[in-house]
Structures are given as structure tokens and as C-alpha cells.
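Here's the structure we're looking at; comments come further down.
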Amino acid sequence: MEWLYVLMPIAGVKIFWPGLIILGIGVGIIGGFFGMGGAWMVTPGLNILGFPMAFAIGTDIAHMAGKSLISTMRHGKFGNVDYKLGLIMLVGTIVGFEVGAQMIMWLERLGNVEITVRYLYLVLLTFIAWMVFTDVKKKYDKERQAKQAGQDVDKLATGLEWHKTFQKIKIPPMIHLHTAQIYCSAWLPIFVSFLTGWLAGILGIGGGLIRMPALIYVLGCPTHVAVGTDLFEVMISGLYGAATYTFKGRTELVAAIIMLVGAAIGAQIGTVATKYIKGYGIRIAFGIAVVGCSLSIVLKLFATHFPVYKIICDNISTVLILGVVSSLSVYIFVRMIQGAKQEIASKKKTL
Amino acid sequence: MLKCIRTVQWLSLFLLATFNSAWAAGGGGAAAIVIVADTRYLSGMQLAWASLYNESHAYFTLLTVILIPVIGLIFGVLADIVMKHIGIDLSSRELSEH
């Protein structure tokens, strides 16, 4: 079975390459579908496959740039990317990320901040999950009430409508974001991107997990545009991350290329699936992913307080993350196949 | 019901494949950061790649940053060709709701 393993030239470890392809497919599907890099899924996955942690992070970021490029291209053709919004947000994201990263280094000098950061992450994810499911519930309530009154609910209606309040802030200059269909103060996306970038810098994550819901609930982007625009940002920040990590000798390009083989397929599946799944379907699936991520952090916090259970908690956490990734990937894949079948069948009918 | 069973079957298969591949791999034990890559057991492209790393981190970085989007683009275009061949419309999306 030696042929199933490939020697990584820099890290010097032998890696089970089919595992890299499967991981690439899974994260490609989820990344293309939700508009995120997915470091929270890939890094533990690569670590299990045998990568030292330092290489796992760098290799993940390197493959993320390539995968996001594929997804952004596809979302761009579907009209899901607001490039103007993406470029405006990029400035705030970079500045916010640097401020957050510097702040965490300063806090580290004061004492151990790891547990505090994990608690902050947990609070944030719980808030995001609450926000998503409250939004979904409110939307269904609206639909039910409209049905009872014998009316059709507006297809652009949303559950939570915080974005309407934020869009009322008229601090010049005002901008029109055509793809996202938003007219707001330019300071709103700058502030949102700075805040999400700052949080990402503090938490040491890429930020897609925070930016995607912020684009929906604070700015008021349609779900599909939030996904596409977020991927555009992930692509640029991924390239920057790949450069810095590679320069520090923490990237294994061979592994990133093998993962890209799977991610290219996965990213297309995930992106094309957004054609067939409504915005709220994406939001519900995203909420489930956030809950899975939160539970894994709860387990890690439990292990910190009760070191006796560390190995068990770490294993359960890894299985949980891989389980969530696998389940969601299968769901998205099945929905994509069903949608494609219907589309092909309807095309044949019209011919 | 049949749909449900099929989905569960798919799910089980995928989970099995993912977990088995992950556990079959085992754990690595190399150093956290490699300053000089060990080229003694390498040959061909791998040797060239590791040698480039040893000679200059800057060139190595530059090439990595160029190669990643190029390879992503090639794989993306290939996947596009396959999907178009299947008959999926890859240029428009009809759904328009939040």
C-alpha cells in the first residue's frame, strides 16, 4: 500500500494522498456553498492526516487561495459577486485584521489569553447561530401569517431586518452597490469589514465565518451575493496568507496541489448547488455548521478545565467536525445532483 | 422514505470513507518548522522543489504564490468543461431571493 502515500518534500512526512483529495472535496463543497475558507475544518483534518500543526495551517491557507479563485469565478458568472463591495471591504478587513493581530500579541505579553479567546469565539458563534435561527423562524412566521391571510409573501422578505436600520444612516459619501442592490453610507461596509477583520485577527481565523453573516444581517446583502463576495475576499486574503506562511517555511505545495484536485471538483459542486438551493436553505445549513463548530470549541474548553479527558475530548471534537463537514457535503452534493437532473430534464423537454 | 434511506446510505458511505482515510494516515512526527529540507530521499520534481526551498525562501514563496492561482485556474476550467459536457448551465442563476 506504499503507493497510497506521498513524501512531502519540505515537511519530510509521508501523507496518505487519497485523504487529502477527500478533504479537498469536502472543504471545496462547503467553501463554495457558504463562501468561506474553512480553516476550522481543514486544519484539524490535515493534522489527523499527519501534518505538523505549523504546516497544516500554511498548507490550508495556500490551497484556500486556489479553491476560492475557482469558486469566485463561478459565483462571478452567476452574478453573485459584488466586486465594488469586495474591494471596499478589503481595506477595512486588512486594517482590522492587523489591529486584532497586534492586540492579541499585546494581550499575550500580559498573560495567557488562549482560554479568553476561545470563550470569545464561543460567544460569537453562539450569537451567530442564534441570529441565523431567529431569522429563519421569523421568516417562516411571516410566511405562515401571509398564507393564513391568503396573501403571497414577498420573495425578498427577510426574518431579521436589522440592515434596514443600518442603511438609514446617511453619513456621506453614499454609495450604490448594484449587484448587492444596496444604497448605503460608504462607512457602513468599511466599519463592518474593520469589525469582522478585527475579530478574525483576535481569534486567529480567516473571517469568512463572521463576514458572511455580517454581510447578510448588517449590510443587507442577498445570501447568494454575500457568499460570492465573501469568497472574493477569501481569495485575496488567502493569497496574502499563502505568501507570508510560505516565506516562513510553513507551506507544503505538493499537499496543497493534491488538495486542489479535490477542491476544484468540490468548489464547483458547492457553487453550482447555490443555483438550486434558496437563500434560506443556505442560511439554515450555515447555522448547522456554526453549531457544529461551537460544540467542538465547547469540547476543547472542557478539555482545558479537565485535562484528564483531554484525549477523549480532542477525538470527539475532531470526529464532530469531520462529521459535520461530511454530512453537509453529502447534503449539498445530493441537492446539486437533484437540481442538475431537473435542469437537464426540463431542457430536454423544451427541445 | 426511500429518499431518506438513500441519503442516510450516502452519508454513512461518505463518513466511512472520510474517517477511514483519516485514521489510516496516522500521525506525523516531523519538526514544527523546517529550516533546511532533507533532500537525501528525494528525486525528480520533488528534489528540485526541495532544493529551491533550501536555496531561497523568497523565490520559493514567489513561485508558490504564482503556481497556486494558476493551478486553481487550470483545475477550475477543467471542472467547467466536465460540467458543461454534462449539460449544466454555468452562466446564469434564476433564483433571486434573500
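So you can find residues: chains in the C-alpha cells are A, B, ... in the order shown, residues in each start at 1, and ligands are numbered from 1 in order.
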Extract, using only C-alpha atoms, all DNA, RNA and protein residues at most 10 Å from B:Thr61, discarding same-chain residues fewer than 3 positions from it, and format them as JSON, numbers by chain. {"A": [242, 243, 244, 245, 246, 247, 248, 249, 251], "B": [52, 53, 56, 57, 58, 64, 65, 66, 67]}
Please identify every residue of stretch 42-161 of chain A that has at least one atom no farther than 12 Å from an atom of stretch 23-27 of chain A, counting only C-alpha atoms, and for each give the shortest atom pair and the distance in Å to one decimal, arranged by chain then increasing number, as a Markdown table.
```
| residue | atom | partner | partner_atom | distance |
| --- | --- | --- | --- | --- |
| A:Val42 | CA | A:Val27 | CA | 7.0 |
| A:Thr43 | CA | A:Leu23 | CA | 10.3 |
| A:Pro44 | CA | A:Leu23 | CA | 10.6 |
| A:Gly45 | CA | A:Leu23 | CA | 7.1 |
| A:Leu46 | CA | A:Leu23 | CA | 8.2 |
| A:Asn47 | CA | A:Leu23 | CA | 11.6 |
| A:Ile48 | CA | A:Leu23 | CA | 11.0 |
| A:Leu49 | CA | A:Leu23 | CA | 9.7 |
| A:Thr59 | CA | A:Gly24 | CA | 11.6 |
| A:Asp60 | CA | A:Gly24 | CA | 9.7 |
| A:His63 | CA | A:Gly24 | CA | 8.6 |
| A:Met64 | CA | A:Val27 | CA | 9.2 |
| A:Gly66 | CA | A:Gly24 | CA | 11.2 |
| A:Lys67 | CA | A:Gly24 | CA | 8.9 |
| A:Ser68 | CA | A:Val27 | CA | 10.7 |
| A:Ser71 | CA | A:Val27 | CA | 11.7 |
```
Emit the selected residues as a short mmCIF file (atom, residue, chain, number, x, y, z; two decimals), in the first residue's frame, including C-alpha atoms.
```cif
data_model
loop_
_atom_site.label_atom_id
_atom_site.label_comp_id
_atom_site.auth_asym_id
_atom_site.auth_seq_id
_atom_site.Cartn_x
_atom_site.Cartn_y
_atom_site.Cartn_z
CA VAL A 42 -9.15 21.76 7.19
CA THR A 43 -6.54 22.42 9.86
CA PRO A 44 -7.68 19.59 12.20
CA GLY A 45 -8.18 17.35 9.13
CA LEU A 46 -4.62 17.92 7.89
CA ASN A 47 -3.31 17.42 11.40
CA ILE A 48 -5.00 14.00 11.56
CA LEU A 49 -3.53 13.08 8.18
CA THR A 59 -0.92 24.38 3.56
CA ASP A 60 -4.57 25.05 4.32
CA HIS A 63 -4.97 25.65 -1.04
CA MET A 64 -7.68 28.08 0.15
CA GLY A 66 -6.71 28.39 -5.28
CA LYS A 67 -10.05 26.95 -4.22
CA SER A 68 -11.59 30.39 -3.59
CA SER A 71 -15.48 29.42 -6.56
#
```
One residue among B:Val82, B:Ile68, B:Leu63, B:Ile74 is nearest to chain A when using only C-alpha atoms, and that residue is B:Ile68
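The list of residues with at least one atom within 10 Å of stretch 168-171 of chain A, based on only C-alpha atoms and without residues fewer than 4 positions apart in the same chain, reads His163, Lys164, Tyr183, Cys184, Ser185, Ala186, Trp187 and Leu188 of chain A.
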Would you mind exporting N, CA and C atoms of the selected residues as a CSV table (one decimal), in the first residue's frame?
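Saved to part08.csv:
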```csv
chain,number,residue,atom,x,y,z
A,163,HIS,N,-30.6,45.3,8.9
A,163,HIS,CA,-29.9,46.0,7.8
A,163,HIS,C,-30.7,47.3,7.4
A,164,LYS,N,-32.1,47.2,7.5
A,164,LYS,CA,-32.8,48.4,7.1
A,164,LYS,C,-32.5,49.6,8.0
A,183,TYR,N,-28.1,50.6,-1.2
A,183,TYR,CA,-27.7,52.0,-1.2
A,183,TYR,C,-27.4,52.4,0.3
A,184,CYS,N,-26.2,52.7,0.6
A,184,CYS,CA,-25.9,53.0,2.0
A,184,CYS,C,-24.7,53.9,2.1
A,185,SER,N,-24.3,54.3,3.3
A,185,SER,CA,-23.1,55.1,3.5
A,185,SER,C,-21.9,54.2,3.3
A,186,ALA,N,-20.9,54.8,2.7
A,186,ALA,CA,-19.6,54.0,2.4
A,186,ALA,C,-19.0,53.5,3.7
A,187,TRP,N,-19.3,54.3,4.8
A,187,TRP,CA,-18.7,53.9,6.1
A,187,TRP,C,-19.3,52.6,6.7
A,188,LEU,N,-20.5,52.3,6.2
A,188,LEU,CA,-21.1,51.0,6.7
A,188,LEU,C,-20.3,49.8,6.4
```
From the list A:Cys313, A:Leu260, A:Glu233, A:Ile202, the nearest residue to A:Gln102 using only C-alpha atoms is A:Ile202
By how many Å are atom CA of A:Asn80 and atom CA of A:Ile284 apart?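 Going from atom CA of A:Asn80 over to atom CA of A:Ile284, I get 19.0 Å.
The shortest atom-to-atom distance to chain B, with only C-alpha atoms taken into account, belongs to A:Lys275 out of A:Arg283, A:Lys142, A:Lys275, A:Lys347.
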Quick check, in Å to one decimal: how far apart do atom CA of A:Ala264 and atom CA of A:Arg74 lie?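 Here the two named atoms are 11.1 Å from each other.
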Just the residues within 12 Å of A:Tyr83, please, counting only C-alpha atoms, with nothing from its chain fewer than 5 positions along; format it as a list of chain:residue names.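 In the requested format, the answer is A:Thr72, A:Met73, A:His75, A:Gly76, A:Ile88, A:Met89, A:Leu90, A:Leu177, A:His178, A:Thr179, A:Ala180, A:Val225, A:Ala226, A:Gly228, A:Thr229, A:Asp230, A:Leu231, A:Phe232, A:Glu233, A:Ile236.
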